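Have a look at model09.cif; it's mmCIF, C-alpha atoms:
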data_coords
#
loop_
_atom_site.label_atom_id
_atom_site.label_comp_id
_atom_site.auth_asym_id
_atom_site.auth_seq_id
_atom_site.Cartn_x
_atom_site.Cartn_y
_atom_site.Cartn_z
CA MET A 1 -3.86 -24.04 -15.86
CA LEU A 2 -0.38 -25.01 -14.66
CA LYS A 3 -1.68 -25.07 -11.08
CA LEU A 4 -4.41 -27.53 -12.07
CA ILE A 5 -1.90 -29.71 -13.88
CA SER A 6 0.32 -29.64 -10.82
CA ILE A 7 -2.56 -30.68 -8.54
CA PHE A 8 -3.53 -33.56 -10.80
CA PHE A 9 0.13 -34.59 -11.08
CA TRP A 10 0.53 -34.94 -7.31
CA ILE A 11 -2.79 -36.73 -6.92
CA GLY A 12 -1.81 -39.06 -9.76
CA LEU A 13 1.55 -39.73 -8.13
CA TRP A 14 -0.21 -40.49 -4.84
CA CYS A 15 -2.56 -42.97 -6.59
CA ILE A 16 0.31 -44.65 -8.42
CA LEU A 17 2.39 -45.01 -5.26
CA SER A 18 -0.56 -46.42 -3.32
CA PHE A 19 -1.26 -48.89 -6.14
CA LEU A 20 2.34 -49.99 -6.43
CA TYR A 21 3.15 -50.25 -2.73
CA ASP A 22 -0.17 -51.27 -1.10
CA LEU A 23 -0.32 -48.29 1.23
CA LYS A 24 -3.08 -49.45 3.55
CA SER A 25 -0.70 -48.86 6.36
CA MET A 26 0.25 -46.28 8.94
CA LEU A 27 2.75 -44.63 6.62
CA LEU A 28 0.50 -43.24 3.89
CA PRO A 29 -3.09 -44.09 3.07
CA ASP A 30 -4.30 -44.29 -0.51
CA PHE A 31 -5.92 -41.26 -2.08
CA LEU A 32 -9.35 -42.80 -2.65
CA SER A 33 -9.92 -44.00 0.88
CA THR A 34 -8.66 -40.69 2.27
CA THR A 35 -11.03 -38.78 0.02
CA THR A 36 -13.94 -41.03 0.94
CA SER A 37 -13.23 -40.61 4.65
CA SER A 38 -12.91 -36.86 4.19
CA ILE A 39 -16.31 -36.64 2.53
CA GLU A 40 -17.83 -38.74 5.33
CA LEU A 41 -16.24 -36.49 7.93
CA LEU A 42 -17.61 -33.37 6.29
CA HIS A 43 -21.09 -34.84 6.76
CA ASN A 44 -20.34 -35.63 10.38
CA LYS A 45 -21.78 -32.97 12.69
CA GLU A 46 -19.36 -33.81 15.46
CA PHE A 47 -16.35 -33.28 13.20
CA ILE A 48 -17.77 -30.03 11.83
CA HIS A 49 -18.10 -28.81 15.40
CA HIS A 50 -14.43 -29.67 16.07
CA LEU A 51 -13.40 -27.93 12.85
CA PHE A 52 -15.31 -24.83 13.87
CA VAL A 53 -13.75 -24.90 17.33
CA THR A 54 -10.22 -25.10 15.90
CA PHE A 55 -10.68 -22.18 13.55
CA SER A 56 -12.42 -20.12 16.19
CA ARG A 57 -9.34 -20.58 18.36
CA VAL A 58 -7.12 -19.22 15.58
CA ILE A 59 -9.13 -16.06 15.05
CA PRO A 60 -9.08 -14.19 18.41
CA GLY A 61 -5.29 -14.31 18.82
CA ASN A 62 -4.73 -13.14 15.25
CA PHE A 63 -7.36 -10.45 15.62
CA ILE A 64 -5.75 -9.07 18.78
CA SER A 65 -2.32 -9.19 17.13
CA ILE A 66 -3.72 -7.11 14.22
CA ILE A 67 -5.28 -4.57 16.61
CA PHE A 68 -1.96 -4.05 18.41
CA GLY A 69 0.54 -4.99 15.72
CA VAL A 70 -0.61 -2.89 12.77
CA PRO A 71 -0.59 0.53 14.52
CA LEU A 72 2.65 -0.32 16.28
CA GLY A 73 4.31 -1.53 13.08
CA ILE A 74 3.22 1.54 11.12
CA SER A 75 4.44 3.82 13.93
CA LEU A 76 7.80 2.07 13.91
CA SER A 77 8.07 2.65 10.16
CA LEU A 78 7.90 6.40 10.71
CA TYR A 79 10.78 6.59 13.17
CA PRO A 80 13.95 4.75 12.06
CA CYS A 81 15.65 5.19 15.45
CA ILE A 82 12.80 3.54 17.33
CA ARG A 83 12.60 0.88 14.66
CA LEU A 84 16.28 0.03 15.19
CA LEU A 85 15.62 -0.19 18.92
CA PHE A 86 12.77 -2.67 18.48
CA GLU A 87 14.22 -4.83 15.75
CA PRO A 88 16.55 -6.98 17.89
CA MET A 89 13.70 -7.69 20.34
CA LEU A 90 11.33 -8.61 17.52
CA SER A 91 13.92 -10.89 15.95
CA PHE A 92 14.52 -12.58 19.28
CA ILE A 93 10.82 -13.12 19.95
CA ARG A 94 10.36 -14.52 16.47
CA GLY A 95 13.32 -16.80 17.03
CA VAL A 96 12.03 -18.40 20.24
CA PRO A 97 9.92 -21.42 19.21
CA VAL A 98 6.49 -21.00 20.71
CA ALA A 99 6.46 -24.66 21.74
CA ALA A 100 9.27 -23.82 24.16
CA LEU A 101 6.87 -21.47 25.91
CA PHE A 102 4.22 -24.10 26.64
CA PRO A 103 5.30 -24.63 30.28
CA VAL A 104 5.40 -20.87 30.88
CA VAL A 105 1.99 -20.37 29.30
CA ILE A 106 0.50 -23.21 31.35
CA ILE A 107 1.83 -21.64 34.56
CA LEU A 108 0.52 -18.19 33.61
CA PHE A 109 -2.79 -19.00 31.98
CA GLY A 110 -3.57 -22.64 32.66
CA ILE A 111 -4.63 -24.96 29.87
CA GLY A 112 -7.84 -23.30 28.73
CA GLU A 113 -8.81 -21.01 25.89
CA VAL A 114 -6.91 -17.99 27.25
CA ALA A 115 -3.66 -19.95 27.04
CA ARG A 116 -4.38 -20.92 23.44
CA THR A 117 -5.30 -17.35 22.51
CA PHE A 118 -2.07 -16.12 24.05
CA LEU A 119 -0.03 -18.67 22.10
CA VAL A 120 -1.62 -17.55 18.84
CA PHE A 121 -1.11 -13.90 19.80
CA TYR A 122 2.56 -14.58 20.61
CA VAL A 123 3.10 -16.29 17.26
CA ALA A 124 1.22 -13.70 15.19
CA LEU A 125 2.22 -10.41 16.84
CA PRO A 126 5.88 -10.14 15.75
CA ILE A 127 4.94 -11.22 12.23
CA VAL A 128 2.19 -8.59 11.99
CA ILE A 129 4.41 -5.85 13.45
CA THR A 130 7.26 -6.64 11.08
CA SER A 131 4.96 -6.87 8.05
CA ALA A 132 3.24 -3.59 8.88
CA MET A 133 6.56 -1.90 9.62
CA TYR A 134 8.28 -2.87 6.39
CA GLY A 135 5.12 -2.36 4.37
CA ALA A 136 4.67 1.22 5.55
CA VAL A 137 8.31 2.32 5.32
CA GLU A 138 8.72 5.16 2.86
CA ARG A 139 10.36 4.14 -0.41
CA PRO A 140 10.41 5.61 -3.93
CA GLU A 141 7.22 3.86 -5.07
CA ASN A 142 5.10 5.24 -2.21
CA SER A 143 6.80 8.56 -1.41
CA GLY A 144 4.94 10.50 -4.13
CA ARG A 145 1.51 10.21 -2.53
CA ARG A 146 2.95 11.00 0.90
CA HIS A 147 4.59 14.14 -0.47
CA TYR A 148 1.29 15.15 -2.03
CA LEU A 149 -0.56 14.66 1.26
CA LYS A 150 2.16 16.57 3.11
CA ILE A 151 1.82 19.50 0.70
CA HIS A 152 -1.94 19.61 1.30
CA SER A 153 -1.85 18.63 4.96
CA LYS A 154 -3.73 21.80 6.00
CA ASN A 155 -6.41 21.49 3.34
CA ILE A 156 -7.62 17.90 3.37
CA ALA A 157 -9.04 15.65 6.05
CA SER A 158 -6.38 14.48 8.48
CA TRP A 159 -7.33 10.80 8.20
CA HIS A 160 -5.95 10.53 4.67
CA MET A 161 -2.31 10.31 5.79
CA PRO A 162 -2.77 7.46 8.31
CA LEU A 163 -4.95 5.72 5.73
CA CYS A 164 -2.19 6.19 3.15
CA LEU A 165 0.30 4.52 5.49
CA LEU A 166 -2.09 1.68 6.18
CA TRP A 167 -2.88 1.27 2.50
CA ASP A 168 0.82 1.04 1.62
CA ALA A 169 1.32 -1.55 4.34
CA LEU A 170 -1.72 -3.71 3.50
CA PRO A 171 -0.12 -6.01 0.89
CA SER A 172 2.73 -6.74 3.27
CA ILE A 173 0.29 -7.22 6.19
CA PHE A 174 -1.75 -9.74 4.20
CA GLY A 175 1.45 -11.55 3.27
CA GLY A 176 2.46 -11.65 6.93
CA LEU A 177 -1.01 -12.84 7.99
CA LYS A 178 -0.69 -15.83 5.67
CA ILE A 179 2.34 -16.93 7.62
CA ALA A 180 0.81 -16.01 10.97
CA VAL A 181 -2.42 -17.90 10.32
CA SER A 182 -0.58 -21.03 9.15
CA LEU A 183 1.67 -21.00 12.22
CA SER A 184 -1.30 -20.28 14.50
CA LEU A 185 -3.19 -23.23 13.07
CA ALA A 186 -0.20 -25.48 13.66
CA ILE A 187 0.21 -24.36 17.25
CA ILE A 188 -3.51 -24.70 18.00
CA ILE A 189 -3.64 -28.23 16.63
CA VAL A 190 -0.60 -29.23 18.69
CA SER A 191 -2.14 -27.68 21.81
CA GLU A 192 -5.40 -29.56 21.13
CA MET A 193 -3.51 -32.81 20.87
CA PHE A 194 -1.47 -32.45 24.03
CA PHE A 195 -3.36 -30.11 26.30
CA VAL A 196 -6.46 -31.49 27.91
CA GLY A 197 -9.35 -29.96 26.04
CA GLY A 198 -11.80 -32.35 24.55
CA SER A 199 -12.44 -30.38 21.39
CA GLY A 200 -10.85 -29.29 18.18
CA VAL A 201 -9.53 -31.08 15.14
CA GLY A 202 -6.19 -31.76 16.81
CA TRP A 203 -7.91 -33.51 19.71
CA TYR A 204 -10.15 -35.39 17.25
CA ALA A 205 -7.20 -36.55 15.12
CA TRP A 206 -5.25 -37.66 18.18
CA ASN A 207 -8.28 -39.57 19.49
CA GLU A 208 -8.77 -41.32 16.16
CA TYR A 209 -5.06 -42.20 16.08
CA GLN A 210 -5.26 -43.74 19.54
CA ALA A 211 -8.33 -45.71 18.45
CA PHE A 212 -6.46 -46.79 15.27
CA ASN A 213 -9.03 -45.18 13.01
CA LEU A 214 -6.21 -44.08 10.74
CA SER A 215 -8.37 -43.23 7.74
CA LYS A 216 -10.29 -40.69 9.86
CA MET A 217 -7.04 -39.36 11.29
CA TYR A 218 -5.58 -38.76 7.83
CA ALA A 219 -8.88 -37.43 6.56
CA SER A 220 -8.98 -34.80 9.31
CA ILE A 221 -5.39 -33.81 8.43
CA PHE A 222 -6.36 -33.61 4.76
CA ILE A 223 -9.35 -31.39 5.55
CA ILE A 224 -7.24 -29.09 7.73
CA GLY A 225 -4.81 -28.75 4.85
CA ILE A 226 -7.61 -27.83 2.44
CA MET A 227 -9.02 -25.29 4.89
CA SER A 228 -5.59 -23.76 5.41
CA VAL A 229 -5.08 -23.45 1.66
CA THR A 230 -8.49 -21.75 1.42
CA LEU A 231 -7.54 -19.26 4.14
CA ASN A 232 -4.25 -18.52 2.43
CA LYS A 233 -6.00 -18.08 -0.90
CA THR A 234 -8.47 -15.64 0.69
CA LEU A 235 -5.60 -13.54 2.04
CA ASP A 236 -3.90 -13.69 -1.37
CA ILE A 237 -7.06 -12.37 -3.03
CA MET A 238 -7.26 -9.53 -0.51
CA LYS A 239 -3.60 -8.68 -1.18
CA THR A 240 -3.99 -8.64 -4.97
CA THR A 241 -7.22 -6.60 -4.68
CA VAL A 242 -5.37 -3.87 -2.77
CA GLU A 243 -2.54 -3.98 -5.30
CA LYS A 244 -5.02 -3.72 -8.18
CA LEU A 245 -6.82 -0.77 -6.59
CA SER A 246 -3.47 0.97 -6.10
CA ARG A 247 -2.54 0.83 -9.80
CA MET B 248 0.93 36.97 -4.81
CA LYS B 249 4.61 37.71 -5.28
CA PHE B 250 7.10 34.96 -4.68
CA THR B 251 10.76 35.57 -3.79
CA ILE B 252 13.65 33.19 -3.38
CA GLN B 253 17.04 34.43 -2.35
CA GLN B 254 20.13 33.20 -4.10
CA ARG B 255 21.25 29.85 -2.71
CA ILE B 256 22.60 26.42 -3.49
CA ILE B 257 20.48 23.31 -2.91
CA LEU B 258 22.79 20.47 -1.95
CA LEU B 259 21.79 16.85 -2.37
CA PRO B 260 23.95 13.70 -2.35
CA GLY B 261 25.84 13.78 -5.64
CA PHE B 262 24.07 16.88 -6.99
CA SER B 263 23.81 20.63 -6.42
CA LEU B 264 21.43 23.18 -7.87
CA SER B 265 22.30 26.85 -7.63
CA ILE B 266 19.45 29.34 -7.81
CA GLU B 267 19.78 33.02 -8.60
CA ASN B 268 17.57 35.60 -6.94
CA ILE B 269 14.09 34.90 -8.23
CA ASN B 270 11.07 37.14 -8.03
CA LEU B 271 7.98 35.55 -9.46
CA GLU B 272 4.94 37.63 -10.25
CA PRO B 273 1.54 36.04 -10.90
CA GLY B 274 1.58 34.35 -14.29
CA ILE B 275 2.81 31.26 -16.06
CA TYR B 276 6.39 30.11 -15.90
CA HIS B 277 7.71 27.44 -18.22
CA LEU B 278 10.37 25.40 -16.42
CA ARG B 279 12.75 24.05 -19.04
CA GLY B 280 15.93 22.08 -19.00
CA PRO B 281 17.44 18.81 -20.21
CA ASN B 282 16.55 15.50 -18.57
CA GLY B 283 18.20 15.09 -15.19
CA SER B 284 19.15 18.74 -14.92
CA GLY B 285 17.27 19.38 -11.68
CA LYS B 286 13.78 20.56 -12.64
CA THR B 287 12.06 18.10 -10.29
CA THR B 288 14.57 18.97 -7.56
CA PHE B 289 13.62 22.64 -7.91
CA MET B 290 9.91 21.80 -7.80
CA LYS B 291 10.37 19.66 -4.70
CA PHE B 292 12.37 22.49 -3.12
CA LEU B 293 9.48 24.90 -3.69
CA LEU B 294 7.06 22.33 -2.28
CA ASP B 295 9.34 21.69 0.71
CA VAL B 296 9.43 17.94 0.20
CA LEU B 297 13.14 17.47 -0.34
CA PRO B 298 14.86 14.95 1.98
CA GLU B 299 16.42 17.86 3.87
CA PRO B 300 14.12 19.76 6.22
CA ASN B 301 12.86 23.28 5.50
CA ILE B 302 15.65 25.15 3.78
CA PHE B 303 13.86 28.42 3.17
CA CYS B 304 15.50 31.60 4.45
CA GLU B 305 13.77 34.31 6.42
CA ASN B 306 13.95 36.62 3.41
CA ASP B 307 12.19 34.14 1.18
CA ILE B 308 8.57 34.87 0.41
CA ILE B 309 6.95 31.51 -0.24
CA PRO B 310 3.21 31.13 -0.55
CA GLN B 311 1.71 28.79 2.01
CA ASN B 312 -1.06 27.62 -0.27
CA LYS B 313 0.55 25.35 -2.82
CA GLY B 314 -0.88 23.09 -5.47
CA TYR B 315 0.93 20.22 -7.13
CA VAL B 316 0.31 18.05 -10.15
CA PRO B 317 3.03 15.37 -10.05
CA GLN B 318 4.52 13.74 -13.11
CA ALA B 319 3.25 10.41 -11.77
CA TYR B 320 -0.25 11.90 -11.56
CA ARG B 321 -1.82 8.76 -10.06
CA GLU B 322 0.16 9.51 -6.90
CA ALA B 323 -2.17 12.47 -6.36
CA LEU B 324 -5.21 10.19 -6.39
CA MET B 325 -6.37 8.34 -3.27
CA PRO B 326 -7.19 4.75 -4.27
CA TRP B 327 -9.34 4.13 -1.19
CA ILE B 328 -12.03 6.53 -2.45
CA ASN B 329 -13.70 6.80 -5.84
CA THR B 330 -13.15 9.51 -8.43
CA LEU B 331 -15.96 11.73 -7.17
CA ARG B 332 -14.63 11.67 -3.62
CA ASN B 333 -11.17 12.43 -4.99
CA LEU B 334 -12.54 15.54 -6.69
CA GLN B 335 -14.19 16.51 -3.42
CA ILE B 336 -11.03 16.11 -1.37
CA PHE B 337 -10.83 19.88 -0.81
CA PRO B 338 -14.25 20.50 0.74
CA ASP B 339 -14.43 24.22 -0.04
CA THR B 340 -13.87 23.81 -3.76
CA ALA B 341 -15.51 20.44 -4.34
CA ASP B 342 -18.28 21.71 -6.63
CA LYS B 343 -15.87 23.79 -8.65
CA ALA B 344 -13.56 20.78 -9.09
CA ILE B 345 -16.44 18.67 -10.37
CA SER B 346 -17.56 21.30 -12.88
CA MET B 347 -13.97 21.85 -14.04
CA ALA B 348 -13.50 18.11 -14.50
CA LYS B 349 -16.63 18.07 -16.67
CA SER B 350 -15.26 20.98 -18.69
CA PHE B 351 -12.12 18.88 -19.29
CA GLY B 352 -14.27 16.16 -20.83
CA LEU B 353 -14.99 13.84 -17.92
CA HIS B 354 -18.50 12.43 -17.52
CA GLU B 355 -20.76 11.59 -14.59
CA ALA B 356 -20.18 7.89 -15.28
CA ASP B 357 -16.44 8.39 -14.71
CA PHE B 358 -17.03 9.90 -11.27
CA ASN B 359 -18.37 6.67 -9.81
CA LYS B 360 -15.38 4.67 -10.95
CA ALA B 361 -12.55 3.53 -8.73
CA THR B 362 -9.45 5.50 -9.60
CA TYR B 363 -7.61 2.50 -11.03
CA LYS B 364 -10.30 2.20 -13.70
CA LEU B 365 -9.59 5.67 -15.03
CA SER B 366 -7.33 5.94 -18.05
CA GLY B 367 -4.11 7.92 -17.79
CA GLY B 368 -5.64 10.95 -19.44
CA GLN B 369 -8.74 10.84 -17.22
CA SER B 370 -6.61 10.53 -14.09
CA GLN B 371 -4.44 13.45 -15.09
CA ARG B 372 -7.46 15.64 -15.83
CA VAL B 373 -9.02 14.79 -12.46
CA VAL B 374 -5.86 15.86 -10.65
CA ILE B 375 -5.47 19.05 -12.68
CA ALA B 376 -9.15 20.00 -12.22
CA ARG B 377 -8.87 19.48 -8.50
CA GLU B 378 -5.66 21.47 -8.10
CA LEU B 379 -6.80 24.37 -10.30
CA SER B 380 -10.16 24.68 -8.58
CA PHE B 381 -8.34 24.77 -5.24
CA GLU B 382 -6.89 28.14 -6.41
CA PRO B 383 -3.54 27.86 -4.67
CA ASP B 384 -1.19 30.83 -4.56
CA ILE B 385 1.32 28.79 -6.53
CA LEU B 386 0.62 25.75 -8.68
CA ILE B 387 3.47 23.49 -9.67
CA MET B 388 2.86 21.08 -12.52
CA ASP B 389 5.29 18.40 -13.63
CA GLU B 390 4.55 17.27 -17.20
CA PRO B 391 0.81 18.02 -16.94
CA PHE B 392 0.14 17.22 -20.60
CA SER B 393 1.92 13.86 -20.75
CA ALA B 394 -1.28 11.82 -21.00
CA LEU B 395 -3.48 14.37 -22.74
CA ASP B 396 -4.46 14.71 -26.37
CA LYS B 397 -4.26 18.07 -28.10
CA ASP B 398 -7.87 19.02 -27.40
CA SER B 399 -7.58 18.24 -23.67
CA SER B 400 -4.21 20.00 -23.49
CA PHE B 401 -5.79 23.11 -24.95
CA LYS B 402 -8.63 23.03 -22.42
CA VAL B 403 -6.12 22.64 -19.60
CA ILE B 404 -3.86 25.46 -20.71
CA THR B 405 -6.92 27.70 -21.10
CA ALA B 406 -7.90 26.94 -17.50
CA ILE B 407 -4.33 27.63 -16.36
CA LEU B 408 -4.40 31.00 -18.16
CA GLU B 409 -7.66 31.90 -16.43
CA TYR B 410 -6.12 30.91 -13.10
CA SER B 411 -3.08 33.11 -13.69
CA ASN B 412 -5.31 36.02 -14.75
CA ARG B 413 -6.96 35.73 -11.34
CA GLY B 414 -3.55 36.21 -9.68
CA GLY B 415 -2.20 32.68 -9.47
CA THR B 416 1.37 31.68 -10.25
CA SER B 417 1.93 28.46 -12.13
CA ILE B 418 5.22 26.76 -12.83
CA ILE B 419 4.93 24.17 -15.56
CA SER B 420 7.68 21.72 -16.31
CA THR B 421 7.10 20.24 -19.75
CA HIS B 422 9.00 19.31 -22.86
CA ILE B 423 6.05 20.49 -24.97
CA PRO B 424 6.58 24.04 -26.24
CA LEU B 425 3.79 25.94 -24.54
CA GLU B 426 3.57 28.32 -27.47
CA ASN B 427 2.10 25.41 -29.43
CA LEU B 428 -0.85 25.38 -27.04
CA THR B 429 -1.48 29.06 -26.58
CA ASN B 430 -0.73 32.41 -28.10
CA GLU B 431 -0.17 33.87 -24.66
CA VAL B 432 2.95 36.02 -24.95
CA LEU B 433 3.51 36.44 -21.27
CA ILE B 434 4.74 32.94 -20.55
CA ARG B 435 8.10 33.42 -18.92
CA THR B 436 10.86 30.88 -18.75
CA LEU B 437 12.78 29.37 -15.88
CA THR B 438 15.76 27.59 -17.30
CA VAL B 439 17.81 24.90 -15.61
CA GLU B 440 21.21 24.64 -17.22
CA ARG B 441 23.55 21.81 -16.59
CA ILE B 442 26.99 23.17 -15.63
CA HIS B 443 28.52 19.75 -15.37
CA GLU B 444 27.42 16.25 -14.39
CA MET B 445 26.70 17.04 -10.75
CA GLU B 446 25.85 20.71 -10.84
CA SER B 447 23.09 22.73 -12.41
CA LYS B 448 21.99 26.34 -12.32
CA LEU B 449 18.51 27.83 -12.46
CA CYS B 450 17.74 31.30 -13.66
CA LEU B 451 14.74 33.30 -14.74
CA ASN B 452 14.93 34.48 -18.34
#

Take the structure in the file and give it back as structure tokens.
Amino acid sequence: MLKLISIFFWIGLWCILSFLYDLKSMLLPDFLSTTTSSIELLHNKEFIHHLFVTFSRVIPGNFISIIFGVPLGISLSLYPCIRLLFEPMLSFIRGVPVAALFPVVIILFGIGEVARTFLVFYVALPIVITSAMYGAVERPENSGRRHYLKIHSKNIASWHMPLCLLWDALPSIFGGLKIAVSLSLAIIIVSEMFFVGGSGVGWYAWNEYQAFNLSKMYASIFIIGIMSVTLNKTLDIMKTTVEKLSR
Amino acid sequence: MKFTIQQRIILLPGFSLSIENINLEPGIYHLRGPNGSGKTTFMKFLLDVLPEPNIFCENDIIPQNKGYVPQAYREALMPWINTLRNLQIFPDTADKAISMAKSFGLHEADFNKATYKLSGGQSQRVVIARELSFEPDILIMDEPFSALDKDSSFKVITAILEYSNRGGTSIISTHIPLENLTNEVLIRTLTVERIHEMESKLCLN
């Protein structure tokens, strides 16, 4: 209920500001015209195609980072010495802004889809590794089940222990993926705007800006925001489902 | 199977537990002691899950086949499989575990549930049924009656008695006087006495 009130509050504030300050300008469009343009865009096949292209660019890099990052992170959780060895490198990689790597990525991979996938992978991998690592580390609330599995290690199927580690790490992994997906989306949209590509919401928004179709530009930004919130909410639901099943 | 532990001192940060020579025959042992005296430490020592690595001596005779019902009984349930699959976790004794769970009052409808949907009492009975049907050489139970009503507790203690009559050794840590649940006169006592704040002693009475 509070969330709904909050949403209506911010929309109301937007409407009031646009009414008071005549915001048919580059700074901030009014809510109604943005909403109308958004609805028109969602019926526009060309825009839907660009939307699909943008999200399909986000997925492969994140998927590859999960394939590599989750097993590596869980393995690091088991061996504190190796974890201490990797932590400075992970912190450093996380600290280097991915935008600073654009020239390097262009040299290595060009300006096509492989470059974009690598950028997303670079952004997501340290987040996934760290989330999996800290999620799977043994602590009082998860040590009981691990002790039980250790006691019966000769009697039950061997896949229960790795599954136990993964299960313990899942809430943290979903939390990390929220951050990774949001950052990936940002980096993809920037790359669409400034790399030659000809597709994607970033390219579309930049094109509309250059043609001074500002309502469509803001509408595309608004839609991206809604889609990002939806993705985050999906990951939240997955996280709370795992937590509920673990009760 | 006989079970022997040589005299030793278990050292943990801020706590030590000294153990006299213990020879455990098949049967039921009631592990008693005040809160924080070291009962769980002793159980974890037997199960070899203390933070220190294996601290058994060559003269110790410790059964390899151990069963465990933890105080936080949900920790013995795997949330990624349903109740039925949890009962079947030991393939050789799966059918026996299911029939024992039914004898403890669980129904077919409960078996299809996810483990989080089970009540505390149901969860505890699932774990106990599974461990007992596994027929370990030694079964360690930490507060196994905490979520059970009197009727269920009686059924469980009856099953434990049958298990010990077949040659099993069970060590039960509980604040409930076991004599209230059974007339069995051969329940022996392992007592953990607190010597002072950071030291306790365990002996077989």

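Running the PyMOL selection byres ((chain B and resi 272) around 12) on this file leaves Met248, Lys249, Phe250, Thr251, Ile252, Ile269, Asn270, Leu271, Pro273, Gly274, Ile275, Tyr276, Ile308, Ile309, Pro310, Asp384, Ile385, Ser411, Asn412, Gly414, Gly415, Thr416, Ser417, Ile418, Leu433, Ile434, Arg435 and Leu451 of chain B selected.
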
**Prompt:** Got a sec to resolve the PyMOL selection byres ((chain B) within 10 of (chain A)) on this structure and send the residues as number ranges by chain?
**Reply:** B: 291, 294-297, 311-328, 335-339, 361-364, 381

**Asked** Do you know which residues are at most 12 Å from Cys450 of chain B counting all atoms listed in the file, after dropping those on the same chain fewer than 4 positions away, and could you put them as a PyMOL selection string?
**Response** chain B and resi 252-255+264-271+276-280+286+289+435-441

**Prompt:** So which residues touch Phe31 of chain A within 12 Å, counting all atoms listed in the file, skipping near sequence neighbours fewer than 5 positions away, as number ranges by chain?
**Reply:** A: 8, 10-19, 22-24, 36-38, 215, 218-219, 222

**Request:** Step by step: start from the point (-16.0, -25.9, 16.7) in the file's coordinates, keep every protein, DNA or RNA residue that has an atom no farther than 12 Å from it, count only C-alpha atoms, and write the set as a PyMOL selection string.
**Result:** chain A and resi 45-58+198-204

With C-alpha atoms retained, export the selected residues as a PDB file, keeping the file's coordinate frame.
ATOM      1  CA  LYS A  45     -21.780 -32.970  12.690  1.00  0.00           C
ATOM      2  CA  GLU A  46     -19.360 -33.810  15.460  1.00  0.00           C
ATOM      3  CA  PHE A  47     -16.350 -33.280  13.200  1.00  0.00           C
ATOM      4  CA  ILE A  48     -17.770 -30.030  11.830  1.00  0.00           C
ATOM      5  CA  HIS A  49     -18.100 -28.810  15.400  1.00  0.00           C
ATOM      6  CA  HIS A  50     -14.430 -29.670  16.070  1.00  0.00           C
ATOM      7  CA  LEU A  51     -13.400 -27.930  12.850  1.00  0.00           C
ATOM      8  CA  PHE A  52     -15.310 -24.830  13.870  1.00  0.00           C
ATOM      9  CA  VAL A  53     -13.750 -24.900  17.330  1.00  0.00           C
ATOM     10  CA  THR A  54     -10.220 -25.100  15.900  1.00  0.00           C
ATOM     11  CA  PHE A  55     -10.680 -22.180  13.550  1.00  0.00           C
ATOM     12  CA  SER A  56     -12.420 -20.120  16.190  1.00  0.00           C
ATOM     13  CA  ARG A  57      -9.340 -20.580  18.360  1.00  0.00           C
ATOM     14  CA  VAL A  58      -7.120 -19.220  15.580  1.00  0.00           C
ATOM     15  CA  GLY A 198     -11.800 -32.350  24.550  1.00  0.00           C
ATOM     16  CA  SER A 199     -12.440 -30.380  21.390  1.00  0.00           C
ATOM     17  CA  GLY A 200     -10.850 -29.290  18.180  1.00  0.00           C
ATOM     18  CA  VAL A 201      -9.530 -31.080  15.140  1.00  0.00           C
ATOM     19  CA  GLY A 202      -6.190 -31.760  16.810  1.00  0.00           C
ATOM     20  CA  TRP A 203      -7.910 -33.510  19.710  1.00  0.00           C
ATOM     21  CA  TYR A 204     -10.150 -35.390  17.250  1.00  0.00           C
TER      22      TYR A 204
END

**Request:** Mind giving me the straight-line distance from atom CA of Ala99 of chain A to atom CA of Ile64 of chain A in Å, one decimal?
**Result:** 20.0 Å

Around all the atoms of segment 420-432 of chain B listed in the file, draw an axis-aligned box and extend it by 5 Å on each of the six sides; I want its centre and edge lengths in Å to one decimal, as lines of an AutoDock Vina configuration file.
center_x = 3.8
center_y = 27.7
center_z = -22.9
size_x = 20.5
size_y = 26.7
size_z = 23.1

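Note that the spacing between atom CA of Lys343 of chain B and atom CA of Ser380 of chain B amounts to 5.8 Å.
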